[in-house]
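File shown: data_29.tsv (TSV, C-alpha atoms).
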chain	number	residue	atom	x	y	z
A	1	MET	CA	-9.21	-7.97	-8.18
A	2	ARG	CA	-8.47	-5.35	-10.83
A	3	ASP	CA	-5.59	-7.46	-12.13
A	4	VAL	CA	-7.59	-10.70	-12.51
A	5	LEU	CA	-10.95	-9.35	-13.72
A	6	ASP	CA	-10.45	-9.87	-17.45
A	7	GLN	CA	-9.26	-13.48	-17.04
A	8	VAL	CA	-12.11	-14.29	-14.63
A	9	ASP	CA	-14.56	-12.88	-17.16
A	10	ARG	CA	-13.09	-15.08	-19.92
A	11	TRP	CA	-13.21	-18.20	-17.74
A	12	LEU	CA	-16.83	-17.60	-16.75
A	13	SER	CA	-17.79	-16.93	-20.37
A	14	ALA	CA	-16.26	-20.30	-21.25
A	15	GLY	CA	-18.42	-22.02	-18.62
A	16	ARG	CA	-15.66	-22.70	-16.12
A	17	ARG	CA	-16.00	-22.69	-12.33
A	18	VAL	CA	-13.83	-20.01	-10.76
A	19	ALA	CA	-12.76	-19.21	-7.20
A	20	VAL	CA	-11.22	-15.86	-6.27
A	21	ALA	CA	-9.02	-15.36	-3.21
A	22	THR	CA	-8.83	-11.75	-2.01
A	23	VAL	CA	-6.74	-10.17	0.75
A	24	VAL	CA	-9.25	-8.44	3.05
A	25	ARG	CA	-7.01	-7.46	6.00
A	26	THR	CA	-3.31	-7.20	6.75
A	27	TRP	CA	-1.21	-6.66	9.86
A	28	ARG	CA	2.36	-5.41	10.16
A	29	SER	CA	4.67	-6.08	7.21
A	30	ALA	CA	2.30	-8.06	4.99
A	31	PRO	CA	3.57	-8.12	1.39
A	32	ARG	CA	0.32	-7.09	-0.37
A	33	GLN	CA	-2.46	-4.65	0.44
A	34	PRO	CA	-6.21	-5.43	0.85
A	35	GLY	CA	-7.75	-6.09	-2.55
A	36	ALA	CA	-4.84	-8.15	-3.92
A	37	SER	CA	-6.42	-11.19	-5.59
A	38	LEU	CA	-5.64	-14.61	-7.01
A	39	ALA	CA	-8.10	-16.53	-9.19
A	40	VAL	CA	-8.16	-20.28	-9.93
A	41	ASP	CA	-10.41	-22.12	-12.39
A	42	ASP	CA	-11.58	-25.74	-12.48
A	43	HIS	CA	-8.72	-26.65	-14.85
A	44	GLY	CA	-6.19	-25.59	-12.21
A	45	GLU	CA	-5.10	-22.48	-14.07
A	46	VAL	CA	-4.17	-19.50	-11.89
A	47	VAL	CA	-3.81	-15.74	-12.33
A	48	GLY	CA	-2.90	-13.00	-9.86
A	49	SER	CA	-1.18	-12.92	-6.48
A	50	VAL	CA	-2.13	-12.39	-2.84
A	51	SER	CA	1.29	-12.21	-1.26
A	52	GLY	CA	4.03	-11.78	-3.83
A	53	GLY	CA	4.91	-15.46	-3.47
A	54	CYS	CA	4.83	-15.99	0.31
A	55	VAL	CA	1.63	-18.01	0.63
A	56	GLU	CA	0.60	-18.52	-2.99
A	57	GLY	CA	0.84	-22.31	-2.80
A	58	ALA	CA	-1.37	-22.62	0.28
A	59	VAL	CA	-3.98	-20.18	-1.08
A	60	TYR	CA	-3.96	-21.93	-4.46
A	61	GLU	CA	-4.82	-25.27	-2.83
A	62	LEU	CA	-7.55	-23.60	-0.76
A	63	ALA	CA	-9.00	-22.01	-3.88
A	64	ARG	CA	-9.09	-25.40	-5.63
A	65	GLU	CA	-11.09	-26.80	-2.71
A	66	VAL	CA	-13.56	-23.91	-3.02
A	67	VAL	CA	-13.88	-24.56	-6.75
A	68	ALA	CA	-14.74	-28.16	-5.96
A	69	ASP	CA	-17.22	-27.75	-3.08
A	70	GLY	CA	-18.40	-24.14	-3.46
A	71	ARG	CA	-18.05	-23.30	0.25
A	72	PRO	CA	-16.41	-19.91	0.95
A	73	VAL	CA	-13.50	-19.77	3.39
A	74	LEU	CA	-11.92	-16.96	5.41
A	75	ALA	CA	-8.31	-17.91	6.24
A	76	ARG	CA	-5.51	-16.15	8.10
A	77	TYR	CA	-1.79	-16.62	7.55
A	78	GLY	CA	0.91	-15.24	9.82
A	79	VAL	CA	4.07	-15.90	11.79
A	80	SER	CA	2.06	-16.57	14.92
A	81	ASP	CA	0.95	-19.86	13.40
A	82	ASP	CA	3.04	-23.02	13.57
A	83	ASP	CA	2.45	-23.42	9.84
A	84	ALA	CA	3.83	-20.01	8.93
A	85	PHE	CA	7.21	-21.19	7.73
A	86	ALA	CA	5.64	-24.11	5.90
A	87	VAL	CA	3.58	-21.75	3.73
A	88	GLY	CA	6.39	-19.24	3.45
A	89	LEU	CA	5.09	-16.16	5.28
A	90	THR	CA	8.38	-15.30	6.97
A	91	CYS	CA	8.15	-11.51	6.54
A	92	GLY	CA	6.73	-10.91	10.00
A	93	GLY	CA	3.26	-9.89	8.88
A	94	GLU	CA	-0.17	-11.45	8.77
A	95	LEU	CA	-2.89	-11.42	6.16
A	96	GLU	CA	-6.49	-12.56	6.01
A	97	VAL	CA	-7.73	-14.00	2.73
A	98	PHE	CA	-11.34	-14.60	1.70
A	99	VAL	CA	-11.81	-17.32	-0.91
A	100	THR	CA	-15.17	-17.72	-2.63
A	101	LEU	CA	-16.73	-19.12	-5.77
A	102	VAL	CA	-17.49	-16.48	-8.38
A	103	ASP	CA	-20.44	-17.42	-10.58
A	104	ASP	CA	-22.28	-14.15	-11.33
A	105	VAL	CA	-21.21	-13.42	-14.90
A	106	ASP	CA	-23.27	-10.23	-15.13
A	107	LEU	CA	-21.77	-8.75	-11.96
A	108	VAL	CA	-18.22	-9.57	-13.03
A	109	ARG	CA	-18.85	-8.06	-16.45
A	110	ALA	CA	-20.38	-4.91	-14.95
A	111	LEU	CA	-17.39	-4.51	-12.63
A	112	SER	CA	-14.93	-5.16	-15.46
A	113	THR	CA	-16.69	-2.60	-17.69
A	114	ALA	CA	-16.67	0.06	-14.97
A	115	VAL	CA	-12.99	-0.49	-14.19
A	116	ALA	CA	-12.05	-0.39	-17.89
A	117	ALA	CA	-13.97	2.88	-18.27
A	118	ARG	CA	-12.18	4.31	-15.19
A	119	SER	CA	-15.53	4.81	-13.48
A	120	ALA	CA	-15.76	4.87	-9.68
A	121	VAL	CA	-17.18	1.58	-8.38
A	122	ALA	CA	-16.90	-0.51	-5.21
A	123	LEU	CA	-17.43	-4.24	-4.73
A	124	ALA	CA	-18.94	-5.15	-1.33
A	125	THR	CA	-18.62	-8.79	-0.26
A	126	VAL	CA	-19.86	-10.43	2.94
A	127	VAL	CA	-16.76	-12.24	4.18
A	128	GLY	CA	-18.22	-13.62	7.40
A	129	PRO	CA	-19.84	-15.03	9.30
A	130	GLY	CA	-23.24	-16.64	8.60
A	131	ALA	CA	-25.45	-17.67	5.73
A	132	ALA	CA	-24.87	-14.41	3.82
A	133	GLN	CA	-21.15	-15.14	3.46
A	134	GLY	CA	-20.08	-14.67	-0.15
A	135	ARG	CA	-22.93	-12.36	-1.20
A	136	ARG	CA	-21.84	-9.39	-3.29
A	137	MET	CA	-23.08	-5.97	-4.30
A	138	LEU	CA	-21.69	-3.35	-6.66
A	139	VAL	CA	-21.88	0.26	-5.50
A	140	ASP	CA	-21.27	3.38	-7.58
A	141	PRO	CA	-21.94	7.07	-6.90
A	142	LEU	CA	-25.47	6.82	-8.33
A	143	GLY	CA	-26.76	3.36	-7.49
A	144	ARG	CA	-26.07	-0.27	-6.65
A	145	THR	CA	-26.40	-3.70	-8.26
A	146	GLY	CA	-27.10	-6.91	-6.34
A	147	SER	CA	-27.93	-7.35	-2.68
A	148	LEU	CA	-26.27	-8.50	0.54
A	149	GLY	CA	-29.54	-9.73	2.01
A	150	SER	CA	-31.80	-6.86	3.10
A	151	GLN	CA	-32.64	-3.34	1.96
A	152	ARG	CA	-31.46	-1.77	5.22
A	153	LEU	CA	-28.17	-3.65	5.11
A	154	ASP	CA	-27.69	-2.67	1.47
A	155	ALA	CA	-28.38	1.00	2.28
A	156	ALA	CA	-25.96	1.09	5.22
A	157	VAL	CA	-23.15	-0.60	3.29
A	158	THR	CA	-23.78	1.63	0.27
A	159	ASP	CA	-23.27	4.77	2.36
A	160	ASP	CA	-19.96	3.62	3.83
A	161	ALA	CA	-18.80	2.09	0.54
A	162	ARG	CA	-19.22	5.46	-1.16
A	163	GLY	CA	-17.20	7.09	1.61
A	164	LEU	CA	-14.37	4.61	1.13
A	165	LEU	CA	-14.64	5.02	-2.64
A	166	ASP	CA	-14.28	8.79	-2.32
A	167	ALA	CA	-11.17	8.27	-0.20
A	168	GLY	CA	-9.79	5.65	-2.60
A	169	VAL	CA	-9.25	2.96	0.06
A	170	SER	CA	-10.60	-0.53	0.77
A	171	GLY	CA	-11.61	-1.91	4.17
A	172	VAL	CA	-13.81	-4.19	6.25
A	173	LEU	CA	-17.15	-2.87	7.54
A	174	HIS	CA	-18.75	-4.24	10.72
A	175	VAL	CA	-22.54	-4.13	10.54
A	176	GLY	CA	-25.62	-5.92	11.85
A	177	PRO	CA	-27.86	-8.02	9.54
A	178	ASP	CA	-30.08	-4.97	8.94
A	179	GLY	CA	-27.31	-2.41	8.74
A	180	GLU	CA	-26.94	-1.69	12.47
A	181	ARG	CA	-23.68	-0.02	13.48
A	182	ARG	CA	-22.21	-2.73	15.69
A	183	PRO	CA	-19.00	-4.75	15.54
A	184	ASP	CA	-20.23	-8.23	16.44
A	185	ASP	CA	-22.18	-9.37	13.39
A	186	LEU	CA	-21.43	-9.29	9.66
A	187	GLU	CA	-18.06	-8.38	8.19
A	188	VAL	CA	-18.31	-6.83	4.73
A	189	PHE	CA	-15.16	-6.23	2.70
A	190	VAL	CA	-15.45	-3.16	0.48
A	191	GLU	CA	-12.96	-3.06	-2.36
A	192	ALA	CA	-12.80	0.45	-3.82
A	193	PHE	CA	-12.02	0.77	-7.53
A	194	ALA	CA	-11.46	4.53	-7.62
A	195	PRO	CA	-10.48	6.12	-10.94
A	196	PRO	CA	-6.73	6.66	-11.24
A	197	ALA	CA	-5.46	9.73	-9.41
A	198	ARG	CA	-4.28	12.56	-11.64
A	199	MET	CA	-0.73	13.73	-12.11
A	200	ILE	CA	-0.51	17.07	-13.92
A	201	VAL	CA	2.97	18.02	-15.11
A	202	PHE	CA	3.50	21.63	-16.14
A	203	GLY	CA	6.38	22.31	-18.52
A	204	ALA	CA	7.07	20.33	-21.71
A	205	ILE	CA	10.73	19.55	-21.03
A	206	ASP	CA	12.81	16.37	-20.95
A	207	PHE	CA	12.31	16.06	-17.18
A	208	ALA	CA	8.55	16.11	-17.81
A	209	ALA	CA	8.85	13.23	-20.29
A	210	ALA	CA	10.71	11.13	-17.71
A	211	LEU	CA	8.19	12.03	-14.99
A	212	ALA	CA	5.29	11.14	-17.29
A	213	ARG	CA	6.79	7.67	-17.77
A	214	VAL	CA	7.22	7.13	-14.03
A	215	GLY	CA	3.78	8.56	-13.25
A	216	SER	CA	2.13	6.26	-15.76
A	217	PHE	CA	4.00	3.28	-14.30
A	218	LEU	CA	2.69	4.21	-10.84
A	219	GLY	CA	-0.89	4.22	-12.12
A	220	PHE	CA	-1.54	7.95	-12.42
A	221	HIS	CA	-3.61	9.49	-15.20
A	222	VAL	CA	-0.88	11.79	-16.53
A	223	THR	CA	-1.46	15.17	-18.17
A	224	VAL	CA	1.35	17.34	-19.54
A	225	CYS	CA	0.54	21.03	-19.98
A	226	ASP	CA	2.57	23.80	-21.63
A	227	ALA	CA	1.68	27.03	-23.41
A	228	ARG	CA	4.14	26.35	-26.27
A	229	PRO	CA	2.55	24.21	-29.02
A	230	VAL	CA	5.89	23.38	-30.62
A	231	PHE	CA	6.97	21.55	-27.45
A	232	ALA	CA	3.66	20.26	-26.08
A	233	THR	CA	3.02	17.42	-28.53
A	234	ALA	CA	1.79	13.86	-28.06
A	235	ARG	CA	4.83	12.61	-29.98
A	236	ARG	CA	7.21	14.05	-27.37
A	237	PHE	CA	5.18	12.60	-24.50
A	238	PRO	CA	3.96	9.16	-25.59
A	239	MET	CA	3.42	7.95	-22.00
A	240	ALA	CA	1.11	10.84	-21.08
A	241	ASP	CA	-2.63	10.22	-21.24
A	242	GLU	CA	-3.13	13.71	-22.60
A	243	VAL	CA	-1.06	16.70	-23.68
A	244	VAL	CA	-2.64	20.14	-23.30
A	245	VAL	CA	-1.53	23.38	-24.98
A	246	ASP	CA	-2.58	26.21	-22.66
A	247	TRP	CA	-1.22	28.62	-20.10
A	248	PRO	CA	-0.69	26.52	-16.97
A	249	HIS	CA	-2.72	28.68	-14.57
A	250	ARG	CA	-5.58	28.93	-17.06
A	251	TYR	CA	-5.68	25.16	-17.53
A	252	LEU	CA	-5.50	24.54	-13.78
A	253	SER	CA	-8.44	26.89	-13.20
A	254	ARG	CA	-10.70	24.86	-15.52
A	255	THR	CA	-9.64	21.26	-14.94
A	256	ALA	CA	-10.71	18.83	-12.20
A	257	VAL	CA	-8.41	18.72	-9.16
A	258	ASP	CA	-9.16	16.77	-5.98
A	259	ASP	CA	-7.35	15.64	-2.84
A	260	ARG	CA	-5.70	12.76	-4.75
A	261	THR	CA	-4.25	14.96	-7.51
A	262	VAL	CA	-0.53	15.69	-7.67
A	263	LEU	CA	0.76	18.83	-9.39
A	264	CYS	CA	4.37	19.02	-10.59
A	265	LEU	CA	5.65	22.37	-11.84
A	266	LEU	CA	8.82	21.98	-13.89
A	267	THR	CA	8.94	25.33	-15.73
A	268	HIS	CA	10.84	27.55	-13.20
A	269	ASP	CA	9.71	30.65	-15.11
A	270	PRO	CA	8.03	33.34	-12.95
A	271	LYS	CA	5.43	34.27	-15.55
A	272	PHE	CA	4.18	30.67	-15.44
A	273	ASP	CA	5.08	29.74	-11.86
A	274	VAL	CA	3.52	32.45	-9.72
A	275	PRO	CA	-0.01	32.52	-11.20
A	276	LEU	CA	-0.05	28.71	-11.27
A	277	LEU	CA	1.18	28.25	-7.69
A	278	GLU	CA	-1.26	30.86	-6.39
A	279	LEU	CA	-4.09	28.61	-7.61
A	280	ALA	CA	-2.43	25.31	-6.73
A	281	LEU	CA	-1.60	26.19	-3.12
A	282	ARG	CA	-5.12	27.41	-2.46
A	283	GLY	CA	-6.70	24.28	-3.93
A	284	PRO	CA	-7.26	20.72	-2.66
A	285	ALA	CA	-4.33	18.95	-4.41
A	286	ALA	CA	-2.58	16.23	-2.39
A	287	TYR	CA	0.87	17.36	-3.53
A	288	VAL	CA	2.26	20.55	-5.09
A	289	GLY	CA	5.91	20.47	-6.15
A	290	ALA	CA	8.02	22.98	-8.06
A	291	MET	CA	11.41	22.48	-9.70
A	292	GLY	CA	14.24	24.98	-9.42
A	293	SER	CA	17.41	25.88	-7.60
A	294	ARG	CA	17.39	27.17	-4.03
A	295	ARG	CA	17.84	30.69	-5.40
A	296	THR	CA	14.87	30.17	-7.71
A	297	HIS	CA	12.89	28.86	-4.75
A	298	GLU	CA	13.68	31.94	-2.63
A	299	ASP	CA	12.68	34.28	-5.44
A	300	ARG	CA	9.50	32.27	-6.05
A	301	VAL	CA	8.52	32.39	-2.37
A	302	ALA	CA	9.03	36.17	-2.27
A	303	ARG	CA	6.82	36.63	-5.33
A	304	LEU	CA	4.12	34.38	-3.88
A	305	LEU	CA	4.12	36.31	-0.59
A	306	ASP	CA	3.78	39.55	-2.54
A	307	ALA	CA	0.83	37.97	-4.37
A	308	GLY	CA	-0.93	37.31	-1.06
A	309	VAL	CA	-0.19	33.60	-0.56
A	310	SER	CA	-0.17	32.83	3.18
A	311	GLN	CA	2.58	31.11	5.13
A	312	ALA	CA	0.24	28.17	5.79
A	313	GLN	CA	-0.37	27.79	2.06
A	314	LEU	CA	3.36	28.08	1.32
A	315	ALA	CA	4.01	25.26	3.79
A	316	ARG	CA	2.26	22.91	1.35
A	317	LEU	CA	4.83	23.62	-1.36
A	318	HIS	CA	7.48	20.96	-2.04
A	319	SER	CA	10.29	23.09	-3.43
A	320	PRO	CA	12.88	22.35	-4.57
A	321	ILE	CA	10.91	19.33	-5.75
A	322	GLY	CA	11.87	15.75	-4.89
A	323	LEU	CA	13.90	13.85	-2.31
A	324	ASP	CA	17.66	14.19	-1.97
A	325	LEU	CA	18.84	11.17	-3.99
A	326	GLY	CA	21.71	12.97	-5.66
A	327	ALA	CA	19.73	12.78	-8.91
A	328	ARG	CA	21.16	14.38	-12.05
A	329	THR	CA	19.53	12.88	-15.15
A	330	PRO	CA	15.85	13.42	-16.04
A	331	GLU	CA	15.13	9.78	-15.19
A	332	GLU	CA	16.87	9.99	-11.81
A	333	THR	CA	15.06	13.24	-11.07
A	334	ALA	CA	11.73	11.64	-11.95
A	335	ILE	CA	12.44	8.86	-9.44
A	336	SER	CA	13.30	11.50	-6.83
A	337	ILE	CA	9.98	13.31	-7.43
A	338	ALA	CA	7.99	10.06	-7.45
A	339	ALA	CA	9.64	9.04	-4.17
A	340	GLU	CA	8.58	12.30	-2.51
A	341	ILE	CA	5.02	11.93	-3.83
A	342	THR	CA	4.88	8.36	-2.46
A	343	ALA	CA	6.21	9.47	0.92
A	344	ALA	CA	3.65	12.28	1.08
A	345	ARG	CA	0.83	9.89	0.21
A	346	TRP	CA	1.66	7.23	2.78
A	347	GLY	CA	3.28	9.32	5.49
A	348	GLY	CA	6.79	8.06	4.84
A	349	THR	CA	9.89	9.81	6.14
A	350	GLY	CA	12.14	9.43	3.12
A	351	LYS	CA	14.87	7.99	5.36
A	352	PRO	CA	16.67	4.70	4.63
A	353	LEU	CA	14.70	1.83	6.15
A	354	ARG	CA	17.85	0.60	7.87
A	355	ASP	CA	17.85	3.85	9.88
A	356	SER	CA	14.23	3.55	11.00
A	357	ALA	CA	12.21	1.24	13.26
A	358	GLY	CA	8.64	-0.01	13.33
A	359	ARG	CA	6.43	-1.26	10.52
A	360	ILE	CA	7.64	-0.85	6.96
A	361	HIS	CA	4.25	-0.47	5.26
A	362	HIS	CA	2.30	2.62	6.28
A	363	ASP	CA	-1.46	2.22	6.67
A	364	ARG	CA	-3.44	4.80	4.70
A	365	LEU	CA	-6.76	3.19	5.65
A	366	ALA	CA	-6.12	3.88	9.34
A	367	THR	CA	-5.52	7.54	8.51
A	368	VAL	CA	-8.73	7.75	6.49
A	369	VAL	CA	-10.73	5.97	9.20
A	370	ALA	CA	-9.54	8.46	11.80
A	371	ALA	CA	-10.12	11.47	9.55
A	372	GLU	CA	-13.54	10.46	8.23
A	373	GLY	CA	-14.96	8.89	11.38
A	374	PHE	CA	-15.79	5.45	9.94
A	375	GLU	CA	-16.34	3.87	13.33
A	376	ASP	CA	-17.41	0.55	11.85
A	377	VAL	CA	-14.40	0.10	9.55
A	378	SER	CA	-11.43	-2.09	10.48
A	379	PRO	CA	-8.06	-0.53	9.68
A	380	SER	CA	-5.70	-3.07	8.16
Hey, can you dump this file as structure tokens for me?
Amino acid sequence: MRDVLDQVDRWLSAGRRVAVATVVRTWRSAPRQPGASLAVDDHGEVVGSVSGGCVEGAVYELAREVVADGRPVLARYGVSDDDAFAVGLTCGGELEVFVTLVDDVDLVRALSTAVAARSAVALATVVGPGAAQGRRMLVDPLGRTGSLGSQRLDAAVTDDARGLLDAGVSGVLHVGPDGERRPDDLEVFVEAFAPPARMIVFGAIDFAAALARVGSFLGFHVTVCDARPVFATARRFPMADEVVVDWPHRYLSRTAVDDRTVLCLLTHDPKFDVPLLELALRGPAAYVGAMGSRRTHEDRVARLLDAGVSQAQLARLHSPIGLDLGARTPEETAISIAAEITAARWGGTGKPLRDSAGRIHHDRLATVVAAEGFEDVSPS
């Protein structure tokens, strides 16, 4: 939905009828994750994608029917269907797509404004079954806009939507018409628009410039920090969202870090490294990586142990940083680091896919559901 919001807003402002198709659930090797969207207007124009090309034609035609008659539809595509090869879903996965008319200009504009401002917001949509199908509600950390049908239902969905928003994942809730925790009534798809996760790169070197480019491409809010003002300049790091001149450990102690933040230490200088890693390894960051040779790593570990860092905390350290890709250039090294961050986020092994078995796409929602105890949420 994030990718089609601006165009949907323009179409609605021009008085056009618009249908939006959104992936709400996936199974096995589906090509796109829940939240992927495609929008179609009454002129037949289209923006977005739900499958990277596999079922676009079939979903486009379904969206045109919804534009014409206004009736929402929940459709499933997968290789278990006789029609699978006709629509092109030959990847072995399945996906469920909810297609509905979008006619609330104020809600779309509020969502678009929040996303543009990088504010945390979730869109809850009743995807089935019953008369409430298609109703929507916006949820943020402080309030909600719209209604799904009753105050108790709104309150129950708001609570779980905020939990999913905190975790940065989208999923389907199973609730009763008044918010009861039971799996046999309403299905509500919650699409979480969490602010971009942070990537903080310490050390204003050429490797940092390459990593800032890759981090920005991956959707991170990138900060580069270095204590040397001659090197830490916006001109040297045009792809960074911000460049900070400060001692790394001092900056880390005063900036916001959560369990989605990744910290990349590229300085390999003990006077910067040890105080910074002491803080980083005791904090909530999702990933802490440090550049350096194996000799540098051994010396760094010894210094950290002397500083009182525990073995359990040291186990969180990715050092030397990155996966073994044989990287040499700053750009290749940045890909190596980004690959390790991605593997850590999704539970990947870093092995070639040809040497592994099972599903290709790892399911972060299932991990969050198990960890947070969302009993009424369907993992994709």
Excluding same-chain residues fewer than 2 positions from region 207-220 of chain A, what lies within 8 Å of it counting all atoms listed in the file, as an mmCIF file with C-alpha atoms, keeping the file's coordinate frame?
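What follows is the written file part.cif:
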data_model
loop_
_atom_site.group_PDB
_atom_site.id
_atom_site.type_symbol
_atom_site.label_atom_id
_atom_site.label_comp_id
_atom_site.auth_asym_id
_atom_site.auth_seq_id
_atom_site.Cartn_x
_atom_site.Cartn_y
_atom_site.Cartn_z
ATOM 1 C CA PRO A 196 -6.730 6.660 -11.240
ATOM 2 C CA ALA A 197 -5.460 9.730 -9.410
ATOM 3 C CA ARG A 198 -4.280 12.560 -11.640
ATOM 4 C CA MET A 199 -0.730 13.730 -12.110
ATOM 5 C CA VAL A 201 2.970 18.020 -15.110
ATOM 6 C CA PHE A 202 3.500 21.630 -16.140
ATOM 7 C CA GLY A 203 6.380 22.310 -18.520
ATOM 8 C CA ALA A 204 7.070 20.330 -21.710
ATOM 9 C CA ILE A 205 10.730 19.550 -21.030
ATOM 10 C CA VAL A 222 -0.880 11.790 -16.530
ATOM 11 C CA THR A 223 -1.460 15.170 -18.170
ATOM 12 C CA VAL A 224 1.350 17.340 -19.540
ATOM 13 C CA ARG A 236 7.210 14.050 -27.370
ATOM 14 C CA PHE A 237 5.180 12.600 -24.500
ATOM 15 C CA MET A 239 3.420 7.950 -22.000
ATOM 16 C CA ALA A 240 1.110 10.840 -21.080
ATOM 17 C CA LEU A 266 8.820 21.980 -13.890
ATOM 18 C CA PRO A 330 15.850 13.420 -16.040
ATOM 19 C CA GLU A 331 15.130 9.780 -15.190
ATOM 20 C CA THR A 333 15.060 13.240 -11.070
ATOM 21 C CA ALA A 334 11.730 11.640 -11.950
ATOM 22 C CA ILE A 335 12.440 8.860 -9.440
ATOM 23 C CA ILE A 337 9.980 13.310 -7.430
ATOM 24 C CA ALA A 338 7.990 10.060 -7.450
#
Near-Arg303 (chain A) list (12 Å; all atoms listed in the file; drop same-chain fewer than 3 positions) as a compact mmCIF listing (two decimals) with C-alpha atoms, in the frame of the given file:
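Once written, result-v5.txt looks like this:
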# COMPACT_ATOMS: atom_id res chain seq x y z
CA ASP A 269 9.71 30.65 -15.11
CA PRO A 270 8.03 33.34 -12.95
CA LYS A 271 5.43 34.27 -15.55
CA ASP A 273 5.08 29.74 -11.86
CA VAL A 274 3.52 32.45 -9.72
CA PRO A 275 -0.01 32.52 -11.20
CA LEU A 277 1.18 28.25 -7.69
CA GLU A 278 -1.26 30.86 -6.39
CA THR A 296 14.87 30.17 -7.71
CA HIS A 297 12.89 28.86 -4.75
CA GLU A 298 13.68 31.94 -2.63
CA ASP A 299 12.68 34.28 -5.44
CA ARG A 300 9.50 32.27 -6.05
CA ASP A 306 3.78 39.55 -2.54
CA ALA A 307 0.83 37.97 -4.37
CA GLY A 308 -0.93 37.31 -1.06
CA VAL A 309 -0.19 33.60 -0.56
CA SER A 310 -0.17 32.83 3.18
CA LEU A 314 3.36 28.08 1.32
What lies within 8 Å of Leu95 (chain A) using only C-alpha atoms, ignoring chain neighbours under 3 positions off, as a PyMOL selection string?
chain A and resi 23-27+30+76-78
Hey, can you check how far CA of Gly70 (chain A) sits from CA of Ala19 (chain A)?
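So the two atoms, CA of Gly70 (chain A) and CA of Ala19 (chain A), lie 8.4 Å apart.
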Measuring between all atoms listed in the file, which one of A:Arg316, A:Arg162, A:Arg254, A:Arg282 shows the shortest distance to Leu123 (chain A)?
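Nearest candidate to Leu123 (chain A) out of A:Arg316, A:Arg162, A:Arg254, A:Arg282: A:Arg162.
Counting from CA of Thr261 (chain A), the distance to CA of Ala302 (chain A) is 25.6 Å.
Atom to atom, CA of His174 (chain A) and CA of Ala124 (chain A) stand 12.1 Å apart.
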Distance query Asp259 (chain A) at most 9 Å, all atoms listed in the file, self and fewer than 2 positions along chain excluded, as a PyMOL selection string
chain A and resi 167+257+261-262+283-287
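Minimum atom-to-atom distance to Asp3 (chain A), evaluated using only C-alpha atoms, belongs to A:Val115 out of A:Arg345, A:Leu148, A:Ala315, A:Val115.
Among the candidate residues A:Ala344, A:Leu165, A:Ala14, A:Leu276, the one lying nearest to Leu138 (chain A) is A:Leu165, with distances computed using all atoms listed in the file.
Closest approach to Thr145 (chain A) among A:Leu74, A:Val105, A:Ala110, A:Ala280: A:Ala110, based on all atoms listed in the file.
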Nearest to Asp140 (chain A): which of A:Ala122, A:Ile341, A:Leu5, A:Leu353 is it, counting only C-alpha atoms?
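Between A:Ala122, A:Ile341, A:Leu5, A:Leu353, the residue approaching Asp140 (chain A) most closely is A:Ala122.
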In terms of the shortest atom-to-atom distance over only C-alpha atoms, which of A:Phe98, A:Gln7, A:Gly130, A:Pro177 is closest to Ser150 (chain A)?
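The shortest atom-to-atom distance to Ser150 (chain A) comes from A:Pro177.
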Starting from the incomplete input, reconstruct N, CA and C atoms of region 35-45 of chain A and report them as a PDB file, keeping the file's coordinate frame.
ATOM      1  N   GLY A  35      -7.316  -6.178  -1.159  1.00  0.00           N
ATOM      2  CA  GLY A  35      -7.750  -6.090  -2.550  1.00  0.00           C
ATOM      3  C   GLY A  35      -6.909  -6.938  -3.480  1.00  0.00           C
ATOM      4  N   ALA A  36      -5.669  -7.271  -3.091  1.00  0.00           N
ATOM      5  CA  ALA A  36      -4.840  -8.150  -3.920  1.00  0.00           C
ATOM      6  C   ALA A  36      -5.551  -9.490  -4.089  1.00  0.00           C
ATOM      7  N   SER A  37      -5.597 -10.002  -5.311  1.00  0.00           N
ATOM      8  CA  SER A  37      -6.420 -11.190  -5.590  1.00  0.00           C
ATOM      9  C   SER A  37      -5.683 -12.223  -6.425  1.00  0.00           C
ATOM     10  N   LEU A  38      -6.119 -13.461  -6.237  1.00  0.00           N
ATOM     11  CA  LEU A  38      -5.640 -14.610  -7.010  1.00  0.00           C
ATOM     12  C   LEU A  38      -6.877 -15.401  -7.428  1.00  0.00           C
ATOM     13  N   ALA A  39      -6.949 -15.781  -8.688  1.00  0.00           N
ATOM     14  CA  ALA A  39      -8.100 -16.530  -9.190  1.00  0.00           C
ATOM     15  C   ALA A  39      -7.640 -17.881  -9.742  1.00  0.00           C
ATOM     16  N   VAL A  40      -8.455 -18.913  -9.492  1.00  0.00           N
ATOM     17  CA  VAL A  40      -8.160 -20.280  -9.930  1.00  0.00           C
ATOM     18  C   VAL A  40      -9.409 -20.851 -10.591  1.00  0.00           C
ATOM     19  N   ASP A  41      -9.239 -21.515 -11.740  1.00  0.00           N
ATOM     20  CA  ASP A  41     -10.410 -22.120 -12.390  1.00  0.00           C
ATOM     21  C   ASP A  41     -10.408 -23.634 -12.196  1.00  0.00           C
ATOM     22  N   ASP A  42     -11.442 -24.305 -12.715  1.00  0.00           N
ATOM     23  CA  ASP A  42     -11.580 -25.740 -12.480  1.00  0.00           C
ATOM     24  C   ASP A  42     -10.616 -26.582 -13.308  1.00  0.00           C
ATOM     25  N   HIS A  43      -9.783 -25.938 -14.145  1.00  0.00           N
ATOM     26  CA  HIS A  43      -8.720 -26.650 -14.850  1.00  0.00           C
ATOM     27  C   HIS A  43      -7.397 -26.528 -14.089  1.00  0.00           C
ATOM     28  N   GLY A  44      -7.414 -25.783 -12.985  1.00  0.00           N
ATOM     29  CA  GLY A  44      -6.190 -25.590 -12.210  1.00  0.00           C
ATOM     30  C   GLY A  44      -5.350 -24.422 -12.665  1.00  0.00           C
ATOM     31  N   GLU A  45      -5.839 -23.649 -13.634  1.00  0.00           N
ATOM     32  CA  GLU A  45      -5.100 -22.480 -14.070  1.00  0.00           C
ATOM     33  C   GLU A  45      -5.224 -21.375 -13.025  1.00  0.00           C
TER      34      GLU A  45
END
